[in-house]
$ cat entry.cif   # mmCIF, C-alpha atoms, pLDDT in the B column; chains and numbers go by the auth columns
data_data
loop_
_atom_site.group_PDB
_atom_site.id
_atom_site.type_symbol
_atom_site.label_atom_id
_atom_site.label_comp_id
_atom_site.label_asym_id
_atom_site.label_seq_id
_atom_site.Cartn_x
_atom_site.Cartn_y
_atom_site.Cartn_z
_atom_site.B_iso_or_equiv
_atom_site.auth_seq_id
_atom_site.auth_asym_id
ATOM 1 C CA MET A 1 -75.829 66.367 91.724 45.00 1075 O
ATOM 2 C CA TYR A 2 -73.113 65.986 94.353 54.00 1076 O
ATOM 3 C CA ASN A 3 -72.228 69.423 95.699 54.00 1077 O
ATOM 4 C CA PRO A 4 -68.930 69.832 97.532 60.00 1078 O
ATOM 5 C CA ASN A 5 -69.977 72.629 99.898 64.00 1079 O
ATOM 6 C CA LEU A 6 -70.873 70.731 103.035 63.00 1080 O
ATOM 7 C CA ASN A 7 -73.012 73.209 104.921 75.00 1081 O
ATOM 8 C CA GLN A 8 -75.893 72.579 102.537 80.00 1082 O
ATOM 9 C CA PHE A 9 -77.891 69.377 103.189 84.00 1083 O
ATOM 10 C CA THR A 10 -77.122 66.594 100.730 86.00 1084 O
ATOM 11 C CA PRO A 11 -78.279 62.965 100.717 88.00 1085 O
ATOM 12 C CA ILE A 12 -74.769 61.924 99.675 90.00 1086 O
ATOM 13 C CA LYS A 13 -72.324 61.944 102.576 91.00 1087 O
ATOM 14 C CA GLN A 14 -68.574 61.362 102.337 91.00 1088 O
ATOM 15 C CA TYR A 15 -65.602 60.481 104.476 92.00 1089 O
ATOM 16 C CA LYS A 16 -61.868 60.087 103.942 92.00 1090 O
ATOM 17 C CA PRO A 17 -60.722 56.508 104.628 90.00 1091 O
ATOM 18 C CA PHE A 18 -57.431 56.185 106.483 91.00 1092 O
ATOM 19 C CA HIS A 19 -54.561 55.342 104.136 89.00 1093 O
ATOM 20 C CA SER A 20 -51.534 53.762 105.844 89.00 1094 O
ATOM 21 C CA THR A 21 -48.066 53.849 104.358 89.00 1095 O
ATOM 22 C CA PHE A 22 -48.088 50.048 104.106 92.00 1096 O
ATOM 23 C CA ASP A 23 -51.291 50.111 102.110 89.00 1097 O
ATOM 24 C CA PRO A 24 -50.500 48.349 98.758 92.00 1098 O
ATOM 25 C CA CYS A 25 -53.393 49.921 96.877 90.00 1099 O
ATOM 26 C CA PRO A 26 -53.575 53.559 95.763 88.00 1100 O
ATOM 27 C CA PRO A 27 -55.296 55.751 98.381 86.00 1101 O
ATOM 28 C CA LEU A 28 -59.047 56.207 98.144 83.00 1102 O
ATOM 29 C CA LYS A 29 -59.430 59.954 98.457 85.00 1103 O
ATOM 30 C CA ARG A 30 -63.042 60.039 99.412 89.00 1104 O
ATOM 31 C CA LYS A 31 -65.670 57.395 99.969 91.00 1105 O
ATOM 32 C CA TYR A 32 -69.380 58.207 99.660 92.00 1106 O
ATOM 33 C CA TYR A 33 -72.430 56.821 101.438 93.00 1107 O
ATOM 34 C CA ARG A 34 -76.016 57.733 101.004 92.00 1108 O
ATOM 35 C CA THR A 35 -78.555 58.928 103.558 92.00 1109 O
ATOM 36 C CA PRO A 36 -81.937 58.561 101.850 91.00 1110 O
ATOM 37 C CA PRO A 37 -84.919 60.587 103.028 91.00 1111 O
ATOM 38 C CA ASN A 38 -86.498 57.683 104.867 90.00 1112 O
ATOM 39 C CA LEU A 39 -83.783 57.971 107.535 91.00 1113 O
ATOM 40 C CA TYR A 40 -85.065 61.416 108.408 91.00 1114 O
ATOM 41 C CA ILE A 41 -88.781 60.595 108.445 90.00 1115 O
ATOM 42 C CA ASN A 42 -89.695 58.882 111.692 90.00 1116 O
ATOM 43 C CA PHE A 43 -93.281 57.916 110.864 92.00 1117 O
ATOM 44 C CA GLN A 44 -94.686 58.694 107.452 91.00 1118 O
ATOM 45 C CA PRO A 45 -97.269 61.498 107.813 90.00 1119 O
ATOM 46 C CA PRO A 46 -100.588 60.980 106.006 91.00 1120 O
ATOM 47 C CA ASN A 47 -101.457 62.735 102.732 90.00 1121 O
ATOM 48 C CA LEU A 48 -97.915 63.104 101.460 91.00 1122 O
ATOM 49 C CA GLU A 49 -97.587 64.432 97.951 93.00 1123 O
ATOM 50 C CA GLN A 50 -97.503 61.710 95.309 94.00 1124 O
ATOM 51 C CA PHE A 51 -96.047 61.154 91.850 94.00 1125 O
ATOM 52 C CA PRO A 52 -98.390 60.334 88.957 94.00 1126 O
ATOM 53 C CA PRO A 53 -98.601 56.517 88.472 93.00 1127 O
ATOM 54 C CA TYR A 54 -96.220 56.014 85.567 94.00 1128 O
ATOM 55 C CA GLU A 55 -93.624 58.416 86.939 94.00 1129 O
ATOM 56 C CA ALA A 56 -93.915 56.683 90.317 94.00 1130 O
ATOM 57 C CA LEU A 57 -93.146 53.391 88.577 94.00 1131 O
ATOM 58 C CA MET A 58 -90.106 54.886 86.889 94.00 1132 O
ATOM 59 C CA LYS A 59 -88.861 56.630 90.012 93.00 1133 O
ATOM 60 C CA GLY A 60 -89.444 53.651 92.264 92.00 1134 O
ATOM 61 C CA THR A 61 -91.584 55.331 94.873 92.00 1135 O
ATOM 62 C CA LEU A 62 -95.034 56.810 95.055 93.00 1136 O
ATOM 63 C CA TRP A 63 -94.144 59.541 97.560 92.00 1137 O
ATOM 64 C CA LYS A 64 -92.259 62.618 96.385 92.00 1138 O
ATOM 65 C CA ALA A 65 -90.699 63.045 99.847 91.00 1139 O
ATOM 66 C CA LEU A 66 -89.103 59.573 99.785 92.00 1140 O
ATOM 67 C CA TYR A 67 -87.560 59.808 96.329 92.00 1141 O
ATOM 68 C CA ASP A 68 -83.752 59.493 96.391 91.00 1142 O
ATOM 69 C CA TYR A 69 -81.963 60.349 93.162 89.00 1143 O
ATOM 70 C CA TYR A 70 -78.868 58.233 92.510 89.00 1144 O
ATOM 71 C CA GLU A 71 -75.844 59.278 90.517 87.00 1145 O
ATOM 72 C CA ASN A 72 -72.578 57.433 90.668 88.00 1146 O
ATOM 73 C CA PRO A 73 -70.205 59.801 92.528 85.00 1147 O
ATOM 74 C CA TYR A 74 -67.297 57.540 91.703 84.00 1148 O
ATOM 75 C CA LYS A 75 -67.652 58.151 88.000 79.00 1149 O
ATOM 76 C CA GLU A 76 -65.117 60.957 87.783 70.00 1150 O
ATOM 77 C CA ARG A 77 -62.777 59.268 90.306 55.00 1151 O
ATOM 78 C CA LYS A 78 -59.156 59.626 89.153 56.00 1152 O
ATOM 79 C CA SER A 79 -57.365 57.354 91.692 50.00 1153 O
ATOM 80 C CA MET B 1 -101.253 32.201 64.621 45.00 612 M
ATOM 81 C CA VAL B 2 -99.011 34.317 66.758 57.00 613 M
ATOM 82 C CA LYS B 3 -100.743 37.261 68.373 68.00 614 M
ATOM 83 C CA GLN B 4 -99.528 40.468 66.757 77.00 615 M
ATOM 84 C CA ILE B 5 -97.969 42.661 69.431 82.00 616 M
ATOM 85 C CA ASP B 6 -98.699 46.258 68.518 86.00 617 M
ATOM 86 C CA ASP B 7 -97.913 49.386 70.447 88.00 618 M
ATOM 87 C CA GLU B 8 -101.302 49.269 72.090 91.00 619 M
ATOM 88 C CA TYR B 9 -100.092 46.090 73.817 91.00 620 M
ATOM 89 C CA TYR B 10 -97.167 48.008 75.275 93.00 621 M
ATOM 90 C CA GLN B 11 -99.366 50.940 76.192 93.00 622 M
ATOM 91 C CA LEU B 12 -101.783 48.732 78.080 93.00 623 M
ATOM 92 C CA MET B 13 -98.923 46.820 79.698 93.00 624 M
ATOM 93 C CA ARG B 14 -97.317 50.072 80.826 94.00 625 M
ATOM 94 C CA GLN B 15 -100.621 51.216 82.322 94.00 626 M
ATOM 95 C CA ILE B 16 -101.081 47.916 84.120 95.00 627 M
ATOM 96 C CA GLN B 17 -97.555 48.064 85.529 95.00 628 M
ATOM 97 C CA ALA B 18 -97.993 51.652 86.718 96.00 629 M
ATOM 98 C CA VAL B 19 -101.337 50.979 88.373 96.00 630 M
ATOM 99 C CA ASP B 20 -100.094 47.794 90.008 95.00 631 M
ATOM 100 C CA PHE B 21 -97.053 49.609 91.347 96.00 632 M
ATOM 101 C CA VAL B 22 -99.280 52.262 92.896 95.00 633 M
ATOM 102 C CA LEU B 23 -101.346 49.477 94.437 96.00 634 M
ATOM 103 C CA VAL B 24 -98.231 47.882 95.925 95.00 635 M
ATOM 104 C CA GLU B 25 -97.113 51.197 97.399 95.00 636 M
ATOM 105 C CA LEU B 26 -100.557 51.926 98.807 95.00 637 M
ATOM 106 C CA THR B 27 -100.780 48.450 100.293 96.00 638 M
ATOM 107 C CA LEU B 28 -97.484 48.966 102.111 95.00 639 M
ATOM 108 C CA TYR B 29 -98.658 52.410 103.227 95.00 640 M
ATOM 109 C CA LEU B 30 -101.991 51.110 104.459 95.00 641 M
ATOM 110 C CA ASP B 31 -100.275 48.344 106.405 95.00 642 M
ATOM 111 C CA THR B 32 -98.867 51.001 108.698 93.00 643 M
ATOM 112 C CA HIS B 33 -101.703 53.524 108.393 93.00 644 M
ATOM 113 C CA PRO B 34 -104.846 51.375 108.498 93.00 645 M
ATOM 114 C CA ASP B 35 -107.221 54.234 109.316 93.00 646 M
ATOM 115 C CA ASP B 36 -106.163 56.648 106.574 92.00 647 M
ATOM 116 C CA GLU B 37 -109.410 57.160 104.633 94.00 648 M
ATOM 117 C CA ASN B 38 -107.907 59.042 101.713 93.00 649 M
ATOM 118 C CA ALA B 39 -105.380 56.303 101.036 94.00 650 M
ATOM 119 C CA LEU B 40 -108.084 53.683 101.370 95.00 651 M
ATOM 120 C CA LYS B 41 -110.322 55.540 98.940 96.00 652 M
ATOM 121 C CA GLN B 42 -107.431 55.936 96.513 95.00 653 M
ATOM 122 C CA PHE B 43 -106.588 52.255 96.876 96.00 654 M
ATOM 123 C CA ASN B 44 -110.120 51.232 95.999 96.00 655 M
ATOM 124 C CA GLN B 45 -110.173 53.561 93.026 96.00 656 M
ATOM 125 C CA TYR B 46 -106.916 52.189 91.693 96.00 657 M
ATOM 126 C CA SER B 47 -107.882 48.567 92.244 95.00 658 M
ATOM 127 C CA ALA B 48 -111.121 49.110 90.316 96.00 659 M
ATOM 128 C CA TYR B 49 -109.177 50.874 87.556 96.00 660 M
ATOM 129 C CA SER B 50 -106.605 48.086 87.515 94.00 661 M
ATOM 130 C CA ARG B 51 -109.310 45.462 87.091 92.00 662 M
ATOM 131 C CA GLN B 52 -110.808 47.484 84.268 93.00 663 M
ATOM 132 C CA VAL B 53 -107.500 47.889 82.402 93.00 664 M
ATOM 133 C CA LYS B 54 -106.774 44.203 82.823 91.00 665 M
ATOM 134 C CA GLN B 55 -110.181 43.320 81.398 90.00 666 M
ATOM 135 C CA VAL B 56 -109.401 45.375 78.316 90.00 667 M
ATOM 136 C CA PHE B 57 -105.964 43.819 77.990 89.00 668 M
ATOM 137 C CA GLU B 58 -107.160 40.272 78.429 87.00 669 M
ATOM 138 C CA GLY B 59 -109.977 40.768 75.957 85.00 670 M
ATOM 139 C CA LYS B 60 -107.367 41.405 73.290 84.00 671 M
ATOM 140 C CA TYR B 61 -104.244 39.522 74.213 84.00 672 M
ATOM 141 C CA GLY B 62 -105.311 36.643 76.362 82.00 673 M
ATOM 142 C CA PRO B 63 -105.080 36.029 80.086 84.00 674 M
ATOM 143 C CA LEU B 64 -102.505 37.656 82.337 85.00 675 M
ATOM 144 C CA MET B 65 -102.791 34.934 84.972 85.00 676 M
ATOM 145 C CA GLN B 66 -103.748 31.301 84.596 84.00 677 M
ATOM 146 C CA PHE B 67 -106.008 28.815 86.357 85.00 678 M
ATOM 147 C CA GLY B 68 -108.967 31.122 86.046 80.00 679 M
ATOM 148 C CA VAL B 69 -107.425 33.781 88.237 82.00 680 M
ATOM 149 C CA SER B 70 -108.014 36.257 85.427 77.00 681 M
ATOM 150 C CA ASN B 71 -111.357 34.897 84.388 72.00 682 M
ATOM 151 C CA ASN B 72 -111.115 36.123 80.804 74.00 683 M
ATOM 152 C CA PRO B 73 -109.287 33.561 78.625 73.00 684 M
ATOM 153 C CA GLY B 74 -109.261 36.058 75.743 71.00 685 M
ATOM 154 C CA PRO B 75 -110.446 35.463 72.156 74.00 686 M
ATOM 155 C CA ARG B 76 -108.969 31.966 71.922 78.00 687 M
ATOM 156 C CA TRP B 77 -107.254 29.424 74.184 81.00 688 M
ATOM 157 C CA ASP B 78 -103.825 30.115 72.776 79.00 689 M
ATOM 158 C CA TRP B 79 -101.791 31.256 75.738 79.00 690 M
ATOM 159 C CA GLY B 80 -99.240 28.583 74.889 80.00 691 M
ATOM 160 C CA SER B 81 -98.564 29.850 71.400 79.00 692 M
ATOM 161 C CA GLY B 82 -98.332 33.605 71.959 72.00 693 M
ATOM 162 C CA PRO B 83 -94.920 35.337 72.398 82.00 694 M
ATOM 163 C CA TRP B 84 -93.699 34.778 75.935 83.00 695 M
ATOM 164 C CA PRO B 85 -93.442 37.676 78.400 81.00 696 M
ATOM 165 C CA TRP B 86 -89.680 37.745 78.229 84.00 697 M
ATOM 166 C CA GLN B 87 -89.739 37.840 74.458 85.00 698 M
ATOM 167 C CA VAL B 88 -92.199 40.663 74.168 82.00 699 M
#

$ encode --input "entry.cif" --output "structure tokens"
Amino acid sequence: MYNPNLNQFTPIKQYKPFHSTFDPCPPLKRKYYRTPPNLYINFQPPNLEQFPPYEALMKGTLWKALYDYYENPYKERKS
Amino acid sequence: MVKQIDDEYYQLMRQIQAVDFVLVELTLYLDTHPDDENALKQFNQYSAYSRQVKQVFEGKYGPLMQFGVSNNPGPRWDWGSGPWPWQV
């Protein structure tokens, strides 16, 4: 769910690596890095909302606030 | 005789995995929030439930852990013959 408009908060951040003229490889237009929710939570508050057990197992975390969905942003990369 | 692995086996195994994962998460949470009563209460509930599900599982399919850790060796002492965890 990577959305290009940057004013809206998104856990996937991007930057444009510098491409020099002597660079043998094709230029990487955009590189992505992730900022999961735990970077923004200083100390976990008590009584956070939780997933049901099996869904928590599948999602990898018990706390809804800390869940970070991953989708490969490089999938549709042309270069 | 090889234990027949029916879908109840997978159901129970899925329940055990889910409950144990919740216990792991709550343990990590309680490490940093030792005086959080709700989490502690939930942890105790889930650990009791986990023990109960494991009892049911071991009664049918043999022990989950050896050396008496899960003190229910199941119907017969045949942990060596059953299908191995990675084959299931």

$ resolve_selection --input "entry.cif" --expression "the PyMOL selection byres ((chain O) within 8 of (chain M))" --output "list of chain:residue names"
O:Pro1120, O:Asn1121, O:Pro1127, O:Tyr1128, O:Ala1130, O:Leu1131, O:Thr1135, O:Leu1136

$ resolve_selection --input "entry.cif" --expression "the PyMOL selection byres ((chain O and resi 1087-1098) around 12)" --output "list of chain:residue names"
O:Tyr1076, O:Asn1077, O:Pro1078, O:Asn1079, O:Leu1080, O:Asn1081, O:Gln1082, O:Phe1083, O:Thr1084, O:Pro1085, O:Ile1086, O:Cys1099, O:Pro1100, O:Pro1101, O:Leu1102, O:Lys1103, O:Arg1104, O:Lys1105, O:Tyr1106, O:Tyr1107, O:Arg1108, O:Thr1109, O:Pro1110, O:Pro1147, O:Tyr1148

$ atom_distance --input "entry.cif" --atom1 "atom CA of Leu1122 of chain O" --atom2 "atom CA of Leu651 of chain M"
13.9 Å

$ resolve_selection --input "entry.cif" --expression "the PyMOL selection byres ((chain M and resi 674-689) around 12)" --output "tab-separated table (two decimals) with C-alpha atoms, keeping the file's coordinate frame"
chain	number	residue	atom	x	y	z
M	612	MET	CA	-101.25	32.20	64.62
M	613	VAL	CA	-99.01	34.32	66.76
M	614	LYS	CA	-100.74	37.26	68.37
M	623	LEU	CA	-101.78	48.73	78.08
M	624	MET	CA	-98.92	46.82	79.70
M	627	ILE	CA	-101.08	47.92	84.12
M	628	GLN	CA	-97.56	48.06	85.53
M	662	ARG	CA	-109.31	45.46	87.09
M	663	GLN	CA	-110.81	47.48	84.27
M	664	VAL	CA	-107.50	47.89	82.40
M	665	LYS	CA	-106.77	44.20	82.82
M	666	GLN	CA	-110.18	43.32	81.40
M	667	VAL	CA	-109.40	45.38	78.32
M	668	PHE	CA	-105.96	43.82	77.99
M	669	GLU	CA	-107.16	40.27	78.43
M	670	GLY	CA	-109.98	40.77	75.96
M	671	LYS	CA	-107.37	41.40	73.29
M	672	TYR	CA	-104.24	39.52	74.21
M	673	GLY	CA	-105.31	36.64	76.36
M	690	TRP	CA	-101.79	31.26	75.74
M	691	GLY	CA	-99.24	28.58	74.89
M	692	SER	CA	-98.56	29.85	71.40
M	693	GLY	CA	-98.33	33.60	71.96
M	694	PRO	CA	-94.92	35.34	72.40
M	695	TRP	CA	-93.70	34.78	75.94
M	696	PRO	CA	-93.44	37.68	78.40

$ atom_distance --input "entry.cif" --atom1 "atom CA of Phe654 of chain M" --atom2 "atom CA of Asn1112 of chain O"
22.3 Å

$ atom_distance --input "entry.cif" --atom1 "atom CA of Gln656 of chain M" --atom2 "atom CA of Asp618 of chain M"
26.0 Å

$ axis_aligned_box --input "entry.cif" --around "segment 633-651 of chain M" --padding-each-side "4 Å" --output "JSON"
{"center_x": -103.3, "center_y": 53.5, "center_z": 101.1, "size_x": 20.3, "size_y": 19.2, "size_z": 24.4}
